[in-house]
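Source file: work.txt; contents: compact mmCIF, N, CA and C atoms.
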```txt
# COMPACT_ATOMS: atom_id res chain seq x y z
N MET A 1 2.90 20.49 -19.79
CA MET A 1 3.06 19.08 -19.60
C MET A 1 2.12 18.33 -20.52
N LYS A 2 2.64 17.35 -21.21
CA LYS A 2 1.81 16.62 -22.17
C LYS A 2 0.97 15.57 -21.46
N LYS A 3 -0.13 15.22 -22.09
CA LYS A 3 -1.00 14.20 -21.56
C LYS A 3 -0.39 12.83 -21.78
N ILE A 4 -0.72 11.90 -20.93
CA ILE A 4 -0.25 10.53 -21.08
C ILE A 4 -1.22 9.82 -22.02
N ASP A 5 -0.65 9.06 -22.97
CA ASP A 5 -1.54 8.36 -23.90
C ASP A 5 -2.24 7.21 -23.16
N LYS A 6 -3.33 6.73 -23.73
CA LYS A 6 -4.20 5.75 -23.08
C LYS A 6 -3.47 4.44 -22.78
N LEU A 7 -2.64 3.97 -23.70
CA LEU A 7 -1.93 2.71 -23.49
C LEU A 7 -1.00 2.79 -22.28
N THR A 8 -0.27 3.89 -22.17
CA THR A 8 0.63 4.07 -21.02
C THR A 8 -0.16 4.20 -19.73
N ALA A 9 -1.27 4.92 -19.77
CA ALA A 9 -2.11 5.08 -18.57
C ALA A 9 -2.69 3.74 -18.14
N ASP A 10 -3.11 2.93 -19.10
CA ASP A 10 -3.65 1.62 -18.76
C ASP A 10 -2.59 0.73 -18.12
N GLN A 11 -1.37 0.75 -18.67
CA GLN A 11 -0.28 -0.03 -18.10
C GLN A 11 0.05 0.46 -16.68
N TYR A 12 0.07 1.77 -16.52
CA TYR A 12 0.37 2.38 -15.22
C TYR A 12 -0.63 1.91 -14.16
N PHE A 13 -1.92 2.00 -14.47
CA PHE A 13 -2.93 1.62 -13.49
C PHE A 13 -2.98 0.11 -13.28
N LYS A 14 -2.62 -0.65 -14.28
CA LYS A 14 -2.56 -2.10 -14.12
C LYS A 14 -1.48 -2.47 -13.10
N VAL A 15 -0.30 -1.84 -13.21
CA VAL A 15 0.79 -2.09 -12.26
C VAL A 15 0.40 -1.61 -10.87
N LYS A 16 -0.17 -0.41 -10.77
CA LYS A 16 -0.56 0.14 -9.47
C LYS A 16 -1.61 -0.76 -8.79
N ASN A 17 -2.58 -1.24 -9.56
CA ASN A 17 -3.62 -2.10 -9.00
C ASN A 17 -3.06 -3.45 -8.57
N LYS A 18 -2.08 -3.97 -9.31
CA LYS A 18 -1.47 -5.23 -8.94
C LYS A 18 -0.79 -5.12 -7.57
N PHE A 19 -0.06 -4.03 -7.37
CA PHE A 19 0.60 -3.83 -6.09
C PHE A 19 -0.41 -3.59 -4.96
N THR A 20 -1.48 -2.87 -5.26
CA THR A 20 -2.51 -2.63 -4.24
C THR A 20 -3.14 -3.94 -3.79
N ILE A 21 -3.43 -4.81 -4.73
CA ILE A 21 -4.01 -6.12 -4.39
C ILE A 21 -3.02 -6.93 -3.56
N LEU A 22 -1.75 -6.90 -3.93
CA LEU A 22 -0.72 -7.60 -3.17
C LEU A 22 -0.65 -7.10 -1.73
N TYR A 23 -0.68 -5.77 -1.55
CA TYR A 23 -0.63 -5.19 -0.21
C TYR A 23 -1.86 -5.59 0.61
N LEU A 24 -3.03 -5.62 -0.02
CA LEU A 24 -4.24 -6.01 0.70
C LEU A 24 -4.19 -7.48 1.12
N ILE A 25 -3.64 -8.33 0.27
CA ILE A 25 -3.50 -9.75 0.62
C ILE A 25 -2.55 -9.92 1.81
N ILE A 26 -1.41 -9.22 1.77
CA ILE A 26 -0.46 -9.30 2.88
C ILE A 26 -1.10 -8.79 4.17
N TRP A 27 -1.79 -7.68 4.09
CA TRP A 27 -2.45 -7.12 5.27
C TRP A 27 -3.52 -8.08 5.81
N PHE A 28 -4.31 -8.66 4.92
CA PHE A 28 -5.36 -9.59 5.34
C PHE A 28 -4.75 -10.80 6.04
N LEU A 29 -3.69 -11.35 5.47
CA LEU A 29 -3.05 -12.52 6.08
C LEU A 29 -2.44 -12.18 7.44
N SER A 30 -1.84 -11.00 7.55
CA SER A 30 -1.24 -10.62 8.83
C SER A 30 -2.29 -10.29 9.88
N SER A 31 -3.46 -9.84 9.45
CA SER A 31 -4.51 -9.48 10.41
C SER A 31 -5.38 -10.67 10.79
N PHE A 32 -5.84 -11.41 9.78
CA PHE A 32 -6.79 -12.48 10.04
C PHE A 32 -6.18 -13.87 9.95
N GLY A 33 -5.02 -14.00 9.32
CA GLY A 33 -4.36 -15.29 9.22
C GLY A 33 -3.82 -15.77 10.54
N ILE A 34 -3.53 -14.86 11.43
CA ILE A 34 -2.99 -15.22 12.74
C ILE A 34 -4.00 -16.03 13.54
N VAL A 35 -5.28 -15.87 13.25
CA VAL A 35 -6.32 -16.62 13.94
C VAL A 35 -6.15 -18.12 13.70
N LEU A 36 -5.63 -18.49 12.54
CA LEU A 36 -5.43 -19.91 12.22
C LEU A 36 -4.37 -20.54 13.12
N PHE A 37 -3.43 -19.73 13.59
CA PHE A 37 -2.34 -20.24 14.43
C PHE A 37 -2.50 -19.84 15.89
N ALA A 38 -3.65 -19.37 16.28
CA ALA A 38 -3.83 -18.86 17.64
C ALA A 38 -3.73 -19.95 18.69
N GLU A 39 -4.29 -21.11 18.43
CA GLU A 39 -4.29 -22.16 19.45
C GLU A 39 -2.89 -22.63 19.83
N PRO A 40 -2.00 -22.93 18.87
CA PRO A 40 -0.65 -23.33 19.28
C PRO A 40 0.15 -22.21 19.95
N LEU A 41 -0.20 -20.97 19.66
CA LEU A 41 0.54 -19.84 20.23
C LEU A 41 0.06 -19.44 21.61
N THR A 42 -1.01 -20.05 22.11
CA THR A 42 -1.50 -19.69 23.44
C THR A 42 -0.55 -20.14 24.55
N ASN A 43 0.28 -21.15 24.27
CA ASN A 43 1.23 -21.64 25.28
C ASN A 43 2.39 -20.69 25.49
N ILE A 44 2.68 -19.86 24.52
CA ILE A 44 3.79 -18.90 24.62
C ILE A 44 3.21 -17.59 25.16
N THR A 45 3.76 -17.10 26.25
CA THR A 45 3.25 -15.86 26.83
C THR A 45 4.30 -14.75 26.74
N LEU A 46 3.79 -13.54 26.66
CA LEU A 46 4.63 -12.36 26.61
C LEU A 46 3.97 -11.32 27.52
N GLY A 47 4.62 -11.03 28.62
CA GLY A 47 4.05 -10.08 29.57
C GLY A 47 2.78 -10.60 30.22
N GLY A 48 2.67 -11.92 30.36
CA GLY A 48 1.49 -12.51 30.99
C GLY A 48 0.32 -12.74 30.05
N LEU A 49 0.45 -12.32 28.80
CA LEU A 49 -0.62 -12.51 27.83
C LEU A 49 -0.13 -13.44 26.71
N PRO A 50 -1.04 -14.16 26.06
CA PRO A 50 -0.62 -15.08 25.00
C PRO A 50 0.00 -14.34 23.81
N LEU A 51 0.94 -15.01 23.15
CA LEU A 51 1.66 -14.40 22.02
C LEU A 51 0.72 -14.04 20.87
N HIS A 52 -0.30 -14.85 20.63
CA HIS A 52 -1.21 -14.55 19.52
C HIS A 52 -1.94 -13.23 19.73
N TYR A 53 -2.13 -12.81 20.99
CA TYR A 53 -2.75 -11.52 21.26
C TYR A 53 -1.87 -10.39 20.71
N PHE A 54 -0.57 -10.44 21.02
CA PHE A 54 0.34 -9.39 20.56
C PHE A 54 0.49 -9.41 19.04
N MET A 55 0.54 -10.61 18.47
CA MET A 55 0.67 -10.69 17.01
C MET A 55 -0.57 -10.15 16.31
N GLY A 56 -1.73 -10.40 16.89
CA GLY A 56 -2.97 -9.91 16.29
C GLY A 56 -3.22 -8.44 16.55
N ALA A 57 -2.93 -8.02 17.78
CA ALA A 57 -3.25 -6.64 18.16
C ALA A 57 -2.21 -5.64 17.68
N GLN A 58 -0.94 -5.93 17.91
CA GLN A 58 0.08 -4.97 17.51
C GLN A 58 0.81 -5.36 16.23
N GLY A 59 0.96 -6.64 16.00
CA GLY A 59 1.69 -7.08 14.81
C GLY A 59 1.02 -6.67 13.51
N SER A 60 -0.30 -6.78 13.47
CA SER A 60 -1.01 -6.40 12.25
C SER A 60 -0.92 -4.90 12.00
N ILE A 61 -0.91 -4.12 13.06
CA ILE A 61 -0.78 -2.66 12.91
C ILE A 61 0.61 -2.30 12.40
N ILE A 62 1.63 -2.97 12.93
CA ILE A 62 3.00 -2.72 12.46
C ILE A 62 3.15 -3.10 11.00
N VAL A 63 2.58 -4.25 10.61
CA VAL A 63 2.63 -4.67 9.20
C VAL A 63 1.92 -3.64 8.33
N PHE A 64 0.78 -3.13 8.78
CA PHE A 64 0.04 -2.12 8.01
C PHE A 64 0.87 -0.86 7.81
N ILE A 65 1.52 -0.39 8.86
CA ILE A 65 2.34 0.83 8.77
C ILE A 65 3.53 0.59 7.83
N LEU A 66 4.17 -0.58 7.94
CA LEU A 66 5.27 -0.90 7.02
C LEU A 66 4.79 -0.93 5.58
N LEU A 67 3.60 -1.49 5.35
CA LEU A 67 3.06 -1.52 3.99
C LEU A 67 2.80 -0.12 3.45
N LEU A 68 2.42 0.81 4.32
CA LEU A 68 2.23 2.20 3.88
C LEU A 68 3.53 2.80 3.35
N PHE A 69 4.62 2.59 4.10
CA PHE A 69 5.92 3.12 3.67
C PHE A 69 6.41 2.42 2.40
N ILE A 70 6.24 1.10 2.34
CA ILE A 70 6.64 0.36 1.14
C ILE A 70 5.84 0.82 -0.07
N ASN A 71 4.54 1.03 0.13
CA ASN A 71 3.69 1.49 -0.96
C ASN A 71 4.14 2.86 -1.47
N ALA A 72 4.52 3.74 -0.57
CA ALA A 72 4.97 5.08 -0.99
C ALA A 72 6.23 4.98 -1.84
N LYS A 73 7.18 4.15 -1.42
CA LYS A 73 8.43 4.00 -2.19
C LYS A 73 8.17 3.36 -3.54
N VAL A 74 7.38 2.28 -3.55
CA VAL A 74 7.09 1.59 -4.82
C VAL A 74 6.29 2.50 -5.75
N SER A 75 5.34 3.24 -5.21
CA SER A 75 4.54 4.16 -6.05
C SER A 75 5.41 5.24 -6.67
N ASP A 76 6.38 5.76 -5.91
CA ASP A 76 7.29 6.75 -6.47
C ASP A 76 8.10 6.18 -7.63
N ARG A 77 8.54 4.95 -7.48
CA ARG A 77 9.30 4.30 -8.57
C ARG A 77 8.42 4.05 -9.80
N ILE A 78 7.18 3.65 -9.57
CA ILE A 78 6.27 3.43 -10.69
C ILE A 78 5.98 4.75 -11.40
N ASP A 79 5.74 5.80 -10.63
CA ASP A 79 5.52 7.13 -11.21
C ASP A 79 6.72 7.56 -12.05
N GLU A 80 7.90 7.34 -11.52
CA GLU A 80 9.13 7.69 -12.23
C GLU A 80 9.26 6.89 -13.54
N LYS A 81 8.91 5.61 -13.47
CA LYS A 81 9.01 4.75 -14.65
C LYS A 81 8.09 5.22 -15.77
N TYR A 82 6.90 5.68 -15.40
CA TYR A 82 5.92 6.12 -16.41
C TYR A 82 5.95 7.62 -16.66
N GLY A 83 6.91 8.32 -16.11
CA GLY A 83 7.10 9.74 -16.40
C GLY A 83 6.11 10.67 -15.73
N ILE A 84 5.61 10.28 -14.59
CA ILE A 84 4.67 11.13 -13.86
C ILE A 84 5.46 11.88 -12.79
N ASP A 85 5.43 13.20 -12.87
CA ASP A 85 6.21 14.03 -11.96
C ASP A 85 5.25 14.85 -11.10
N GLU A 86 5.21 14.56 -9.81
CA GLU A 86 4.29 15.23 -8.90
C GLU A 86 4.60 16.72 -8.78
N GLY A 87 5.87 17.07 -8.79
CA GLY A 87 6.25 18.47 -8.68
C GLY A 87 5.73 19.31 -9.84
N LYS A 88 5.85 18.78 -11.05
CA LYS A 88 5.34 19.51 -12.22
C LYS A 88 3.82 19.62 -12.17
N ASN A 89 3.15 18.56 -11.73
CA ASN A 89 1.70 18.60 -11.62
C ASN A 89 1.25 19.66 -10.62
N GLU A 90 1.97 19.79 -9.52
CA GLU A 90 1.61 20.81 -8.52
C GLU A 90 1.83 22.21 -9.07
N GLN A 91 2.92 22.41 -9.83
CA GLN A 91 3.18 23.72 -10.42
C GLN A 91 2.11 24.08 -11.43
N LEU A 92 1.70 23.13 -12.24
CA LEU A 92 0.69 23.41 -13.27
C LEU A 92 -0.69 23.70 -12.67
N SER A 93 -1.01 23.05 -11.57
CA SER A 93 -2.35 23.19 -11.01
C SER A 93 -2.43 24.20 -9.86
N TYR A 94 -1.31 24.84 -9.50
CA TYR A 94 -1.31 25.77 -8.38
C TYR A 94 -2.26 26.93 -8.65
N GLY A 95 -3.21 27.14 -7.73
CA GLY A 95 -4.12 28.27 -7.84
C GLY A 95 -5.30 28.02 -8.75
N LYS A 96 -5.35 26.88 -9.40
CA LYS A 96 -6.46 26.59 -10.31
C LYS A 96 -7.46 25.69 -9.61
N THR A 97 -8.71 25.92 -9.90
CA THR A 97 -9.77 25.06 -9.37
C THR A 97 -10.61 24.55 -10.52
N LEU A 98 -11.25 23.44 -10.28
CA LEU A 98 -12.14 22.90 -11.30
C LEU A 98 -13.50 23.56 -11.15
N ASP A 99 -14.13 23.84 -12.26
CA ASP A 99 -15.44 24.44 -12.26
C ASP A 99 -16.47 23.32 -12.36
N HIS A 100 -17.19 23.08 -11.27
CA HIS A 100 -18.17 21.98 -11.27
C HIS A 100 -19.53 22.50 -11.57
```

Would you put the structure from the file into structure tokens?
Amino acid sequence: MKKIDKLTADQYFKVKNKFTILYLIIWFLSSFGIVLFAEPLTNITLGGLPLHYFMGAQGSIIVFILLLFINAKVSDRIDEKYGIDEGKNEQLSYGKTLDH
């Protein structure tokens, strides 16, 4: 397997970092942004507890899990676009260790 040239690697990591930052912003807003809307949501109850509790406690976890699956799919597409094949990498490195 040939090495990736520096320009392609830089573009690859630039795209990956852009998506990582986007995911972190979405997660932050879903976790801590709900606090901004907590007061109006206290009037709505679900199971005897305020709606903002469920959105903060379970909603942010659900968003986080969804982001994990979305990240996996998007990362696979980015890898495919830049010619990175995980299967070939595993075959090449099977049984080899780095000497530190």

Original post:
Which is closest to A:Asp79 among A:Tyr53, A:Leu41, A:Lys6, A:Tyr12, if we use only N, CA and C atoms?
Top reply: A:Tyr12

**OP:** From the DSSP assignment of the backbone, select every residue of chain A that is strand (DSSP E or B), and format the answer as a ChimeraX atom specification.
**Re:** /A:45-46,49-50

Just N, CA and C atoms for this one: save the residues we selected as a PDB file, keeping the file's coordinate frame.
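This went into result_8.pdb:
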```
ATOM      1  N   THR A  45       3.760 -17.100  26.250  1.00  0.00           N
ATOM      2  CA  THR A  45       3.250 -15.860  26.830  1.00  0.00           C
ATOM      3  C   THR A  45       4.300 -14.750  26.740  1.00  0.00           C
ATOM      4  N   LEU A  46       3.790 -13.540  26.660  1.00  0.00           N
ATOM      5  CA  LEU A  46       4.630 -12.360  26.610  1.00  0.00           C
ATOM      6  C   LEU A  46       3.970 -11.320  27.520  1.00  0.00           C
ATOM      7  N   LEU A  49       0.450 -12.320  28.800  1.00  0.00           N
ATOM      8  CA  LEU A  49      -0.620 -12.510  27.830  1.00  0.00           C
ATOM      9  C   LEU A  49      -0.130 -13.440  26.710  1.00  0.00           C
ATOM     10  N   PRO A  50      -1.040 -14.160  26.060  1.00  0.00           N
ATOM     11  CA  PRO A  50      -0.620 -15.080  25.000  1.00  0.00           C
ATOM     12  C   PRO A  50       0.000 -14.340  23.810  1.00  0.00           C
TER      13      PRO A  50
END
```

Let me know the centre plus edge lengths, in Å and rounded to one decimal, of a box with edges along x, y and z that contains all listed atoms of stretch 58-77 of chain A and is padded by 3 Å on every side, as AutoDock Vina command-line options.
```
--center_x 4.1 --center_y -0.2 --center_z 4.1 --size_x 16.3 --size_y 19.8 --size_z 33.7
```

Subject >> Spatial neighbours of A:Phe19, 10 Å, only C-alpha atoms, chain gap at least 6 places, as a list in words >> reply: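 Once the adjacent positions are removed, what remains is Phe13, Ile25, Asn71, Val74 and Ser75 of chain A.
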
Original post:
Quick one, how far is atom CA of A:Ala9 from atom CA of A:Ile70?
Top reply: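 A separation of 22.1 Å between them.
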
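Atom pair atom C of A:Ser30 / atom CA of A:Leu67 has a distance of 11.8 Å (rounded to one decimal).
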
**OP:** Would you mind writing down, as a VMD selection string, each residue of chain A that DSSP on the backbone assigns to helix (DSSP H, G or I)?
**Re:** chain A and resid 6 to 41 51 to 81 86 to 93

Original post:
Rounded to one decimal in Å, what is the spacing between atom N of A:Asn43 and atom N of A:Ile65?
Top reply: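 Spanning atom N of A:Asn43 to atom N of A:Ile65 is a straight-line distance of 25.9 Å.
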